[in-house]
file protein16.txt (compact mmCIF, C-alpha atoms)
# COMPACT_ATOMS: atom_id res chain seq x y z
CA MET X 10 41.65 202.02 28.15
CA SER X 11 45.36 201.39 27.65
CA HIS X 12 46.80 199.25 24.87
CA LEU X 13 47.91 196.76 27.53
CA ALA X 14 44.40 196.54 29.00
CA SER X 15 42.92 196.07 25.53
CA ARG X 16 45.32 193.22 24.68
CA ARG X 17 44.67 191.63 28.06
CA ASN X 18 40.89 191.52 27.62
CA PHE X 19 40.58 190.62 23.94
CA LEU X 20 42.31 189.01 20.99
CA ARG X 21 41.07 190.38 17.70
CA GLY X 22 41.27 188.83 14.25
CA VAL X 23 39.39 189.24 10.99
CA GLY X 24 35.75 189.27 12.04
CA VAL X 25 36.51 187.56 15.35
CA THR X 26 36.83 188.87 18.90
CA LEU X 27 37.83 186.46 21.67
CA ALA X 28 37.45 187.34 25.34
CA LEU X 29 40.44 186.45 27.53
CA PRO X 30 40.83 185.91 31.27
CA TRP X 31 42.85 188.26 33.44
CA PHE X 32 46.58 187.45 33.09
CA GLU X 33 48.73 188.43 36.09
CA SER X 34 51.86 188.59 33.93
CA LEU X 35 50.29 191.38 31.86
CA ALA X 36 49.02 193.30 34.87
CA ALA X 37 52.25 194.60 36.37
CA ASN X 38 51.51 198.22 35.56
CA SER X 39 47.74 198.17 36.11
CA LYS X 40 45.47 198.18 39.13
CA ARG X 41 42.62 195.79 39.72
CA PRO X 42 39.34 197.64 39.27
CA ILE X 43 37.16 198.57 42.23
CA ARG X 44 33.69 197.01 42.16
CA MET X 45 30.45 197.91 43.91
CA VAL X 46 27.62 195.72 45.24
CA CYS X 47 24.56 197.23 46.94
CA ILE X 48 22.15 195.00 48.86
CA GLY X 49 18.87 196.22 50.32
CA ASN X 50 15.70 194.83 51.80
CA ALA X 51 12.27 196.39 51.95
CA PHE X 52 11.50 196.21 55.67
CA GLY X 53 14.72 197.05 57.52
CA PHE X 54 16.05 195.17 60.55
CA TYR X 55 14.87 194.98 64.15
CA SER X 56 17.08 197.69 65.64
CA ALA X 57 17.42 196.24 69.14
CA MET X 58 19.05 193.15 67.62
CA PHE X 59 21.04 195.08 65.00
CA PHE X 60 22.77 198.08 66.62
CA PRO X 61 25.44 197.30 69.26
CA LYS X 62 25.50 199.01 72.65
CA ALA X 63 29.23 199.82 72.50
CA THR X 64 30.86 201.86 69.75
CA GLY X 65 34.37 201.82 68.31
CA ARG X 66 36.38 198.68 67.60
CA ASP X 67 35.29 196.70 70.66
CA TYR X 68 31.58 196.77 69.89
CA ASP X 69 29.39 193.86 70.95
CA LEU X 70 27.61 191.63 68.44
CA PRO X 71 23.81 191.63 68.82
CA GLN X 72 21.94 188.58 67.61
CA LEU X 73 21.56 189.79 64.02
CA LEU X 74 25.25 190.60 63.70
CA GLU X 75 26.56 187.29 65.09
CA PRO X 76 26.90 185.71 61.61
CA LEU X 77 29.28 188.56 60.71
CA ALA X 78 31.76 187.73 63.50
CA PRO X 79 34.37 186.28 61.06
CA HIS X 80 34.26 189.52 59.06
CA ARG X 81 34.50 192.16 61.80
CA LYS X 82 37.80 193.48 60.46
CA ASP X 83 36.37 193.67 56.94
CA LEU X 84 33.34 195.86 57.59
CA THR X 85 32.10 199.05 59.22
CA LEU X 86 28.72 199.31 60.91
CA PHE X 87 26.92 202.66 61.00
CA SER X 88 24.05 204.22 62.91
CA GLY X 89 22.68 207.74 62.66
CA LEU X 90 22.69 207.75 58.85
CA ASP X 91 19.60 208.36 56.72
CA HIS X 92 18.21 210.54 53.94
CA GLY X 93 15.99 212.73 56.10
CA VAL X 94 12.91 211.60 54.18
CA LYS X 95 9.48 210.43 55.27
CA GLY X 96 6.99 208.15 53.59
CA GLY X 97 7.34 204.68 55.10
CA HIS X 98 7.33 202.04 52.39
CA PHE X 99 7.39 204.61 49.59
CA ALA X 100 10.50 206.27 51.02
CA VAL X 101 12.31 202.90 50.92
CA HIS X 102 12.64 203.51 47.18
CA SER X 103 15.12 206.31 47.95
CA PHE X 104 17.61 203.93 49.59
CA LEU X 105 20.31 204.19 46.90
CA SER X 106 19.44 207.68 45.64
CA GLY X 107 18.66 209.72 48.75
CA VAL X 108 15.76 211.27 46.86
CA ARG X 109 12.14 210.16 46.59
CA SER X 110 10.93 209.97 43.01
CA VAL X 111 8.21 212.54 43.75
CA ASP X 112 10.91 215.03 44.80
CA ALA X 113 13.33 214.27 41.97
CA LYS X 114 12.48 217.24 39.77
CA GLY X 115 14.00 219.63 42.28
CA MET X 116 17.35 217.84 42.36
CA PRO X 117 20.28 218.50 39.99
CA ASP X 118 20.60 214.82 39.02
CA GLY X 119 17.04 213.71 39.72
CA ASN X 120 16.83 210.56 41.79
CA ILE X 121 19.62 208.64 40.06
CA SER X 122 20.83 205.84 42.32
CA ILE X 123 24.47 205.35 43.30
CA ASP X 124 24.83 202.21 41.18
CA GLN X 125 23.61 203.96 38.05
CA ARG X 126 25.76 207.01 38.75
CA ALA X 127 28.77 204.71 38.92
CA ALA X 128 27.60 202.81 35.82
CA GLU X 129 27.67 206.04 33.82
CA SER X 130 31.46 206.05 34.26
CA ILE X 131 31.90 202.45 33.13
CA GLY X 132 30.80 202.86 29.53
CA GLY X 133 31.57 199.75 27.50
CA ILE X 134 34.44 198.46 29.64
CA THR X 135 32.28 195.55 30.81
CA ARG X 136 29.52 193.68 29.01
CA PHE X 137 26.99 194.92 31.57
CA PRO X 138 27.54 198.43 32.98
CA SER X 139 25.47 197.25 35.96
CA LEU X 140 23.33 194.32 37.04
CA ALA X 141 20.12 194.75 39.00
CA VAL X 142 19.03 191.49 40.64
CA GLY X 143 16.30 190.42 43.01
CA SER X 144 12.60 190.54 43.68
CA GLU X 145 10.02 193.16 42.79
CA ASP X 146 7.07 191.26 44.25
CA GLY X 147 5.10 192.41 47.25
CA LEU X 148 4.14 195.72 48.79
CA HIS X 149 4.58 198.83 46.61
CA GLY X 150 6.62 196.91 44.02
CA GLY X 151 9.44 195.79 46.32
CA CYS X 152 12.55 197.79 47.15
CA MET X 153 12.69 199.66 43.82
CA MET X 154 16.30 200.67 44.50
CA CYS X 155 17.78 201.41 41.08
CA TRP X 156 16.92 204.57 39.12
CA ASN X 157 18.49 206.21 36.09
CA ARG X 158 19.04 209.92 35.57
CA SER X 159 15.65 210.38 33.88
CA GLY X 160 13.86 208.88 36.90
CA THR X 161 13.08 205.52 35.28
CA ARG X 162 13.37 202.49 37.47
CA ILE X 163 15.82 199.73 36.50
CA PRO X 164 13.85 196.48 37.00
CA PRO X 165 15.79 193.56 38.49
CA VAL X 166 16.54 190.19 36.94
CA GLN X 167 14.30 188.12 39.18
CA GLY X 168 15.64 184.56 39.24
CA PRO X 169 18.97 182.74 39.24
CA ARG X 170 18.09 180.91 36.02
CA GLU X 171 17.45 184.20 34.21
CA LEU X 172 20.60 185.75 35.69
CA PHE X 173 22.69 182.73 34.72
CA ARG X 174 21.49 182.90 31.12
CA LYS X 175 22.09 186.64 30.96
CA LEU X 176 25.65 186.23 32.20
CA PHE X 177 26.80 183.00 30.61
CA VAL X 178 24.54 181.74 27.80
CA ASP X 179 25.31 183.03 24.30
CA ASP X 180 22.39 183.71 22.00
CA LEU X 181 21.66 181.23 19.23
CA SER X 182 23.12 182.23 15.87
CA SER X 183 19.68 183.06 14.47
CA THR X 184 18.81 185.13 17.52
CA LYS X 185 22.17 186.89 17.40
CA GLU X 186 21.74 187.78 13.73
CA GLN X 187 18.26 189.09 14.44
CA ALA X 188 19.66 191.17 17.30
CA LYS X 189 22.32 192.61 14.98
CA ASP X 190 19.63 193.52 12.45
CA ASN X 191 17.64 195.20 15.21
CA LEU X 192 20.70 197.17 16.30
CA ARG X 193 21.37 198.31 12.74
CA LEU X 194 17.71 199.20 12.30
CA GLN X 195 17.57 201.17 15.53
CA GLY X 196 20.72 203.04 14.56
CA SER X 197 19.31 204.02 11.17
CA ILE X 198 16.02 205.13 12.70
CA LEU X 199 17.84 207.31 15.23
CA ASP X 200 19.90 208.92 12.48
CA ALA X 201 16.75 209.73 10.54
CA VAL X 202 14.92 211.09 13.57
CA GLN X 203 17.86 213.26 14.54
CA GLY X 204 18.05 214.71 11.02
CA ASP X 205 14.35 215.54 11.03
CA ALA X 206 14.67 217.13 14.46
CA VAL X 207 17.55 219.39 13.36
CA ALA X 208 15.45 220.64 10.45
CA LEU X 209 12.47 221.17 12.75
CA ARG X 210 14.49 223.19 15.28
CA ARG X 211 14.74 226.17 12.94
CA ASN X 212 10.99 226.72 13.16
CA LEU X 213 10.60 226.38 16.94
CA GLY X 214 10.33 228.98 19.69
CA ARG X 215 12.83 229.15 22.53
CA ARG X 216 10.83 226.98 24.96
CA ASP X 217 10.23 224.31 22.33
CA GLN X 218 13.92 224.41 21.39
CA ASP X 219 14.76 223.61 25.02
CA LYS X 220 12.37 220.66 24.86
CA LEU X 221 14.04 219.53 21.66
CA ASP X 222 17.48 219.79 23.30
CA GLU X 223 16.24 217.46 26.03
CA TYR X 224 15.04 215.13 23.29
CA PHE X 225 18.49 215.23 21.65
CA ALA X 226 20.03 214.25 24.98
CA SER X 227 17.67 211.26 25.17
CA VAL X 228 18.55 210.27 21.61
CA ARG X 229 22.26 210.42 22.44
CA ASP X 230 21.68 208.21 25.47
CA VAL X 231 19.96 205.62 23.28
CA GLU X 232 22.74 205.83 20.70
CA VAL X 233 25.35 205.15 23.38
CA ARG X 234 23.41 202.10 24.60
CA ILE X 235 23.16 200.79 21.05
CA GLN X 236 26.88 201.27 20.49
CA LEU X 237 27.67 199.34 23.69
CA ARG X 238 25.40 196.48 22.64
CA GLN X 239 27.06 196.40 19.20
CA LYS X 240 30.50 196.26 20.81
CA TRP X 241 29.67 193.11 22.80
CA ALA X 242 27.53 191.36 20.15
CA ASN X 243 30.41 189.13 18.93
CA VAL X 244 32.28 188.66 22.22
CA PRO X 245 31.68 185.18 23.66
CA LYS X 246 30.36 185.08 27.19
CA PRO X 247 32.59 183.48 29.86
CA LYS X 248 32.20 179.89 31.04
CA PRO X 249 30.77 179.79 34.58
CA GLY X 250 31.98 176.39 35.81
CA MET X 251 28.50 175.56 37.17
CA GLN X 252 25.25 174.16 35.88
CA GLU X 253 22.28 176.36 35.10
CA PRO X 254 20.32 176.75 38.37
CA GLU X 255 16.57 176.42 38.84
CA ASN X 256 14.34 179.11 40.33
CA ARG X 257 13.11 177.86 43.70
CA GLY X 258 11.68 181.00 45.29
CA LEU X 259 13.53 183.97 46.73
CA VAL X 260 14.54 182.44 50.08
CA ASN X 261 16.20 179.45 48.39
CA ASP X 262 17.46 181.61 45.53
CA ILE X 263 19.36 184.17 47.62
CA PRO X 264 22.57 182.11 48.06
CA VAL X 265 22.59 181.22 44.34
CA LEU X 266 22.04 184.87 43.37
CA TYR X 267 24.96 185.85 45.60
CA ASP X 268 27.15 183.18 43.94
CA LEU X 269 26.19 184.43 40.48
CA ILE X 270 26.94 188.04 41.44
CA ALA X 271 30.37 186.93 42.68
CA LEU X 272 30.96 185.13 39.37
CA ALA X 273 29.85 188.21 37.43
CA LEU X 274 32.46 190.27 39.29
CA GLN X 275 35.15 187.60 38.99
CA THR X 276 34.69 187.30 35.21
CA ASP X 277 34.51 191.10 34.87
CA SER X 278 31.10 190.76 33.22
CA THR X 279 30.16 193.74 35.38
CA ARG X 280 31.68 195.81 38.16
CA ILE X 281 28.40 197.02 39.64
CA ALA X 282 25.55 194.89 40.99
CA THR X 283 22.52 195.35 43.22
CA LEU X 284 20.34 192.83 45.03
CA GLU X 285 16.79 193.63 46.17
CA ILE X 286 15.18 191.47 48.88
CA ALA X 287 11.51 192.35 48.94
CA GLY X 288 8.02 190.92 49.32
CA GLY X 289 8.84 187.74 47.44
CA PHE X 290 10.67 186.54 50.56
CA GLU X 291 8.66 183.41 51.43
CA ALA X 292 8.78 183.14 55.23
CA SER X 293 7.16 179.68 55.21
CA VAL X 294 10.32 178.17 53.66
CA LEU X 295 12.07 178.99 56.95
CA GLY X 296 9.25 177.50 59.00
CA VAL X 297 7.63 180.88 59.72
CA ARG X 298 3.88 180.78 59.06
CA ARG X 299 3.47 184.52 59.02
CA ASP X 300 3.86 187.12 56.28
CA TYR X 301 7.21 188.97 56.31
CA HIS X 302 5.59 192.39 55.95
CA ALA X 303 3.06 191.64 58.69
CA LEU X 304 5.88 190.60 61.03
CA SER X 305 7.73 193.85 60.37
CA HIS X 306 4.72 195.46 62.09
CA HIS X 307 5.35 193.36 65.17
CA GLY X 308 3.53 195.62 67.62
CA GLN X 309 6.23 194.89 70.25
CA VAL X 310 4.77 191.38 70.64
CA GLN X 311 7.70 189.13 71.51
CA GLU X 312 6.45 186.15 69.47
CA ASN X 313 6.28 188.34 66.37
CA ILE X 314 9.70 189.83 67.08
CA ASP X 315 11.25 186.35 67.44
CA LEU X 316 9.84 185.27 64.07
CA LEU X 317 10.92 188.51 62.40
CA VAL X 318 14.47 188.19 63.73
CA LYS X 319 14.57 184.63 62.38
CA LEU X 320 13.87 185.94 58.86
CA GLU X 321 16.35 188.79 59.24
CA ARG X 322 19.05 186.54 60.65
CA TYR X 323 18.76 184.28 57.60
CA GLN X 324 19.41 187.30 55.39
CA MET X 325 22.42 188.21 57.52
CA GLU X 326 23.76 184.65 57.32
CA GLN X 327 23.58 184.75 53.52
CA PHE X 328 25.27 188.16 53.48
CA ALA X 329 28.07 186.74 55.66
CA ARG X 330 28.38 183.80 53.28
CA PHE X 331 28.70 186.23 50.35
CA LEU X 332 31.50 188.11 52.12
CA ALA X 333 33.26 184.82 52.78
CA LYS X 334 32.93 183.95 49.09
CA LEU X 335 34.52 187.24 48.05
CA LYS X 336 37.28 186.85 50.66
CA SER X 337 38.15 183.37 49.41
CA THR X 338 38.37 184.46 45.76
CA ASP X 339 41.85 185.51 44.65
CA ASP X 340 41.95 188.79 42.76
CA GLU X 341 45.59 189.34 41.90
CA SER X 342 47.06 191.57 44.64
CA GLY X 343 44.42 190.67 47.18
CA THR X 344 40.96 189.14 47.31
CA LEU X 345 37.77 189.99 45.49
CA LEU X 346 36.47 191.55 48.72
CA ASP X 347 39.56 193.78 48.91
CA HIS X 348 38.52 195.22 45.56
CA THR X 349 34.73 195.23 46.05
CA MET X 350 32.74 197.73 48.12
CA VAL X 351 29.68 195.95 49.51
CA LEU X 352 26.87 198.13 50.89
CA PHE X 353 24.21 196.33 52.93
CA GLY X 354 21.11 197.84 54.50
CA SER X 355 17.64 199.19 53.92
CA GLY X 356 15.70 202.36 53.29
CA MET X 357 13.45 201.42 56.23
CA GLY X 358 14.66 202.33 59.69
CA ASN X 359 11.80 201.02 61.82
CA GLY X 360 9.28 198.83 60.03
CA ASN X 361 6.95 198.73 63.00
CA ALA X 362 6.70 202.53 63.14
CA HIS X 363 7.06 203.11 59.37
CA THR X 364 9.99 205.50 59.88
CA ASN X 365 12.91 206.02 57.53
CA LEU X 366 15.40 207.43 60.05
CA ASN X 367 18.55 205.83 61.48
CA LEU X 368 18.90 203.30 58.69
CA PRO X 369 20.72 199.97 59.27
CA ILE X 370 23.89 200.34 57.19
CA ILE X 371 26.98 198.14 56.76
CA LEU X 372 29.89 198.78 54.41
CA ALA X 373 32.35 195.96 53.76
CA GLY X 374 35.52 195.57 51.69
CA GLY X 375 36.66 197.92 48.95
CA GLY X 376 39.91 199.07 50.55
CA PHE X 377 38.42 201.15 53.39
CA ARG X 378 39.77 201.10 56.94
CA HIS X 379 37.20 198.87 58.64
CA GLY X 380 36.59 197.19 61.99
CA GLU X 381 34.46 199.81 63.78
CA TYR X 382 30.94 200.64 64.76
CA LYS X 383 30.52 204.33 63.93
CA ALA X 384 27.52 205.81 65.71
CA PHE X 385 26.63 209.36 64.64
CA THR X 386 24.86 211.00 67.56
CA THR X 387 24.00 213.95 65.32
CA ARG X 388 22.27 212.78 62.17
CA ALA X 389 24.56 212.52 59.13
CA PRO X 390 23.42 212.23 55.50
CA LEU X 391 23.73 208.69 54.19
CA CYS X 392 24.50 210.29 50.82
CA ASN X 393 27.80 211.53 52.29
CA LEU X 394 28.76 207.86 52.55
CA TYR X 395 27.72 207.50 48.91
CA VAL X 396 30.04 210.36 47.95
CA SER X 397 32.88 208.44 49.65
CA ILE X 398 31.92 205.26 47.79
CA LEU X 399 31.74 207.02 44.42
CA GLN X 400 35.12 208.64 44.97
CA ARG X 401 36.60 205.27 45.86
CA PHE X 402 35.05 203.90 42.65
CA GLY X 403 37.05 206.52 40.78
CA LEU X 404 34.55 209.33 40.19
CA GLU X 405 35.60 212.92 40.81
CA VAL X 406 32.47 213.99 42.67
CA SER X 407 31.92 216.22 45.67
CA ARG X 408 28.20 215.64 46.06
CA PHE X 409 25.56 213.03 45.43
CA GLY X 410 21.83 213.22 46.15
CA THR X 411 21.55 215.16 49.41
CA GLY X 412 25.21 214.59 50.26
CA THR X 413 27.65 217.48 49.89
CA SER X 414 30.87 215.91 51.19
CA THR X 415 32.48 212.60 52.04
CA LEU X 416 31.48 210.90 55.29
CA ARG X 417 33.64 212.08 58.16
CA GLY X 418 35.73 209.45 59.88
CA LEU X 419 35.69 206.98 56.98
CA GLU X 420 39.18 206.43 55.59
CA THR X 421 40.83 204.17 53.04
CA ALA X 422 43.32 201.60 54.25
call {"tool": "encode", "arguments": {"input": "protein16.txt", "output": "structure tokens"}}
result
Amino acid sequence: MSHLASRRNFLRGVGVTLALPWFESLAANSKRPIRMVCIGNAFGFYSAMFFPKATGRDYDLPQLLEPLAPHRKDLTLFSGLDHGVKGGHFAVHSFLSGVRSVDAKGMPDGNISIDQRAAESIGGITRFPSLAVGSEDGLHGGCMMCWNRSGTRIPPVQGPRELFRKLFVDDLSSTKEQAKDNLRLQGSILDAVQGDAVALRRNLGRRDQDKLDEYFASVRDVEVRIQLRQKWANVPKPKPGMQEPENRGLVNDIPVLYDLIALALQTDSTRIATLEIAGGFEASVLGVRRDYHALSHHGQVQENIDLLVKLERYQMEQFARFLAKLKSTDDESGTLLDHTMVLFGSGMGNGNAHTNLNLPIILAGGGFRHGEYKAFTTRAPLCNLYVSILQRFGLEVSRFGTGTSTLRGLETA
């Protein structure tokens, strides 16, 4: 981080660190950071109402895409992308990684998800390297989208009230002091454990030394997390300009969660966020007296399809509202959407048939050349798109998951 960036973000005095807003007058020689938001649902979208008939820039808007009409120039729609995996609901968990957890041991980076791969490059630049938000209720634990390098799932913050407090409510002084004591205690314990482990290594065989090296790597990961938490312990959280929201169930919470994610990006509390829409989606709130999962297995019955599309269209309307929010938020030399890549889709291709092929994928914002429907007639790895996204985020990578190159035909503006 440059001296200019450091002075822009913080003022430091004796024992005091004060967070500052972004000042345009100090930003002449710096670029606004690129952000990443990944949104997924557990059951996919009804393909006949999602994929247009025409490709290119003059594609038609099926019923599910109609809410996105104001944003056509700001997004790209894809078909023919997937991870080449099978497993129905269980394979949905590979949406952001390209790798099922049961297959992770054979992969160089396990089943780390794209958000966590990007978060590794953030370090302590933001208070939260990433934010996982949404629902983990319902079938098979929900979407289960976010995974770290060791294969551990990152559970989401489940309600707007909890997310609001995480982002904007400072701990009480007593709680903060206790947290500092815990951080100091954890640090001293790690130091002691590491010293014991070094002494132990001399008496171990080669295989056990390898195991111990893996342990050292885990210890270093914990130490880094502790250091990041220590760095932000005395930095006041930003003021949100809104009252603390109530939790009213996932359907009613979705627009508030989107607003809070936008605020998190705007205040630079994080540059990476995910939103899971899973089994906690209460269809009855929208006047649908059928279970969302049951409707995804519509059996080609038109009544079921109509109800399913109603639930999916609501999700699309809220996604369109989120894009509008980002577009209307000034972000120095452009809008927040200009500087935010927003991935929207699902790890389920056809909920009725339990297939994970031809996934519904939309990419908006982030400085790419948008406005097209790109239909790949020969299957292309979705992870190639993720390589493109990671490179745009600033990572020097040539592969991710099952992807070994960038996605052909996708260009920056």
call {"tool": "closest_atom_pairs", "arguments": {"input": "protein16.txt", "of": "region 275-351 of chain X", "to": "region 121-144 of chain X", "cutoff": "12 Å", "atoms": "all atoms listed in the file", "output": "CSV"}}
result
residue,atom,partner,partner_atom,distance
X:Gln275,CA,X:Thr135,CA,11.8
X:Thr276,CA,X:Thr135,CA,9.7
X:Asp277,CA,X:Thr135,CA,6.4
X:Ser278,CA,X:Arg136,CA,5.4
X:Thr279,CA,X:Phe137,CA,5.1
X:Arg280,CA,X:Ser139,CA,6.7
X:Ile281,CA,X:Ser139,CA,4.7
X:Ala282,CA,X:Leu140,CA,4.6
X:Thr283,CA,X:Ala141,CA,4.9
X:Leu284,CA,X:Val142,CA,4.8
X:Glu285,CA,X:Gly143,CA,4.5
X:Ile286,CA,X:Ser144,CA,5.9
X:Ala287,CA,X:Ser144,CA,5.7
X:Gly288,CA,X:Ser144,CA,7.3
X:Gly289,CA,X:Ser144,CA,6.0
X:Phe290,CA,X:Ser144,CA,8.2
X:Glu291,CA,X:Ser144,CA,11.2
X:Met350,CA,X:Asp124,CA,11.4
X:Val351,CA,X:Asp124,CA,11.5
call {"tool": "closest_residue", "arguments": {"input": "protein16.txt", "among": "X:Pro165, X:Gly375, X:Gly410, X:Pro247", "to": "Ser110 (chain X)", "atoms": "only C-alpha atoms"}}
result
X:Gly410
call {"tool": "atom_distance", "arguments": {"input": "protein16.txt", "atom1": "CA of Thr64 (chain X)", "atom2": "CA of Asn393 (chain X)"}}
result
20.2 Å
call {"tool": "closest_residue", "arguments": {"input": "protein16.txt", "among": "X:Leu84, X:Pro117, X:Val297, X:Arg330", "to": "Glu312 (chain X)", "atoms": "all atoms listed in the file"}}
result
X:Val297
call {"tool": "closest_residue", "arguments": {"input": "protein16.txt", "among": "X:Ala100, X:Arg378, X:Leu346, X:Asn361", "to": "Phe331 (chain X)", "atoms": "only C-alpha atoms"}}
result
X:Leu346
call {"tool": "atom_distance", "arguments": {"input": "protein16.txt", "atom1": "CA of Ala422 (chain X)", "atom2": "CA of His379 (chain X)"}}
result
8.0 Å
call {"tool": "closest_residue", "arguments": {"input": "protein16.txt", "among": "X:Ile48, X:Leu345, X:Met153, X:Leu73", "to": "Leu320 (chain X)", "atoms": "all atoms listed in the file"}}
result
X:Leu73
call {"tool": "closest_residue", "arguments": {"input": "protein16.txt", "among": "X:Ala292, X:Val396, X:Ile371, X:Leu105", "to": "Met325 (chain X)", "atoms": "all atoms listed in the file"}}
result
X:Ile371
call {"tool": "closest_residue", "arguments": {"input": "protein16.txt", "among": "X:Cys392, X:Ala242, X:Leu274, X:Leu295", "to": "Gly258 (chain X)", "atoms": "only C-alpha atoms"}}
result
X:Leu295
call {"tool": "atom_distance", "arguments": {"input": "protein16.txt", "atom1": "CA of Val318 (chain X)", "atom2": "CA of Ser305 (chain X)"}}
result
9.4 Å
call {"tool": "residues_around", "arguments": {"input": "protein16.txt", "residues": "region 260-270 of chain X", "least_positions_apart": "3", "cutoff": "6 Å", "atoms": "all atoms listed in the file", "output": "list in words"}}
result
Pro169, Arg257, Ala273 and Phe290 of chain X
call {"tool": "closest_atom_pairs", "arguments": {"input": "protein16.txt", "of": "region 288-374 of chain X", "to": "region 90-94 of chain X", "cutoff": "6 Å", "atoms": "all atoms listed in the file", "output": "tab-separated table"}}
result
residue	atom	partner	partner_atom	distance
X:Leu366	CA	X:Asp91	CA	5.4
X:Asn367	CA	X:Leu90	CA	5.3
X:Leu368	CA	X:Asp91	CA	5.5
call {"tool": "residues_around", "arguments": {"input": "protein16.txt", "residues": "Asn120 (chain X)", "least_positions_apart": "5", "cutoff": "10 Å", "atoms": "all atoms listed in the file", "output": "tab-separated table (two decimals) with C-alpha atoms, in the frame of the given file"}}
result
chain	number	residue	atom	x	y	z
X	102	HIS	CA	12.64	203.51	47.18
X	103	SER	CA	15.12	206.31	47.95
X	105	LEU	CA	20.31	204.19	46.90
X	106	SER	CA	19.44	207.68	45.64
X	107	GLY	CA	18.66	209.72	48.75
X	108	VAL	CA	15.76	211.27	46.86
X	109	ARG	CA	12.14	210.16	46.59
X	110	SER	CA	10.93	209.97	43.01
X	111	VAL	CA	8.21	212.54	43.75
X	112	ASP	CA	10.91	215.03	44.80
X	113	ALA	CA	13.33	214.27	41.97
X	114	LYS	CA	12.48	217.24	39.77
X	115	GLY	CA	14.00	219.63	42.28
X	155	CYS	CA	17.78	201.41	41.08
X	156	TRP	CA	16.92	204.57	39.12
X	157	ASN	CA	18.49	206.21	36.09
X	158	ARG	CA	19.04	209.92	35.57
X	159	SER	CA	15.65	210.38	33.88
X	160	GLY	CA	13.86	208.88	36.90
X	161	THR	CA	13.08	205.52	35.28
X	162	ARG	CA	13.37	202.49	37.47
X	409	PHE	CA	25.56	213.03	45.43
X	410	GLY	CA	21.83	213.22	46.15
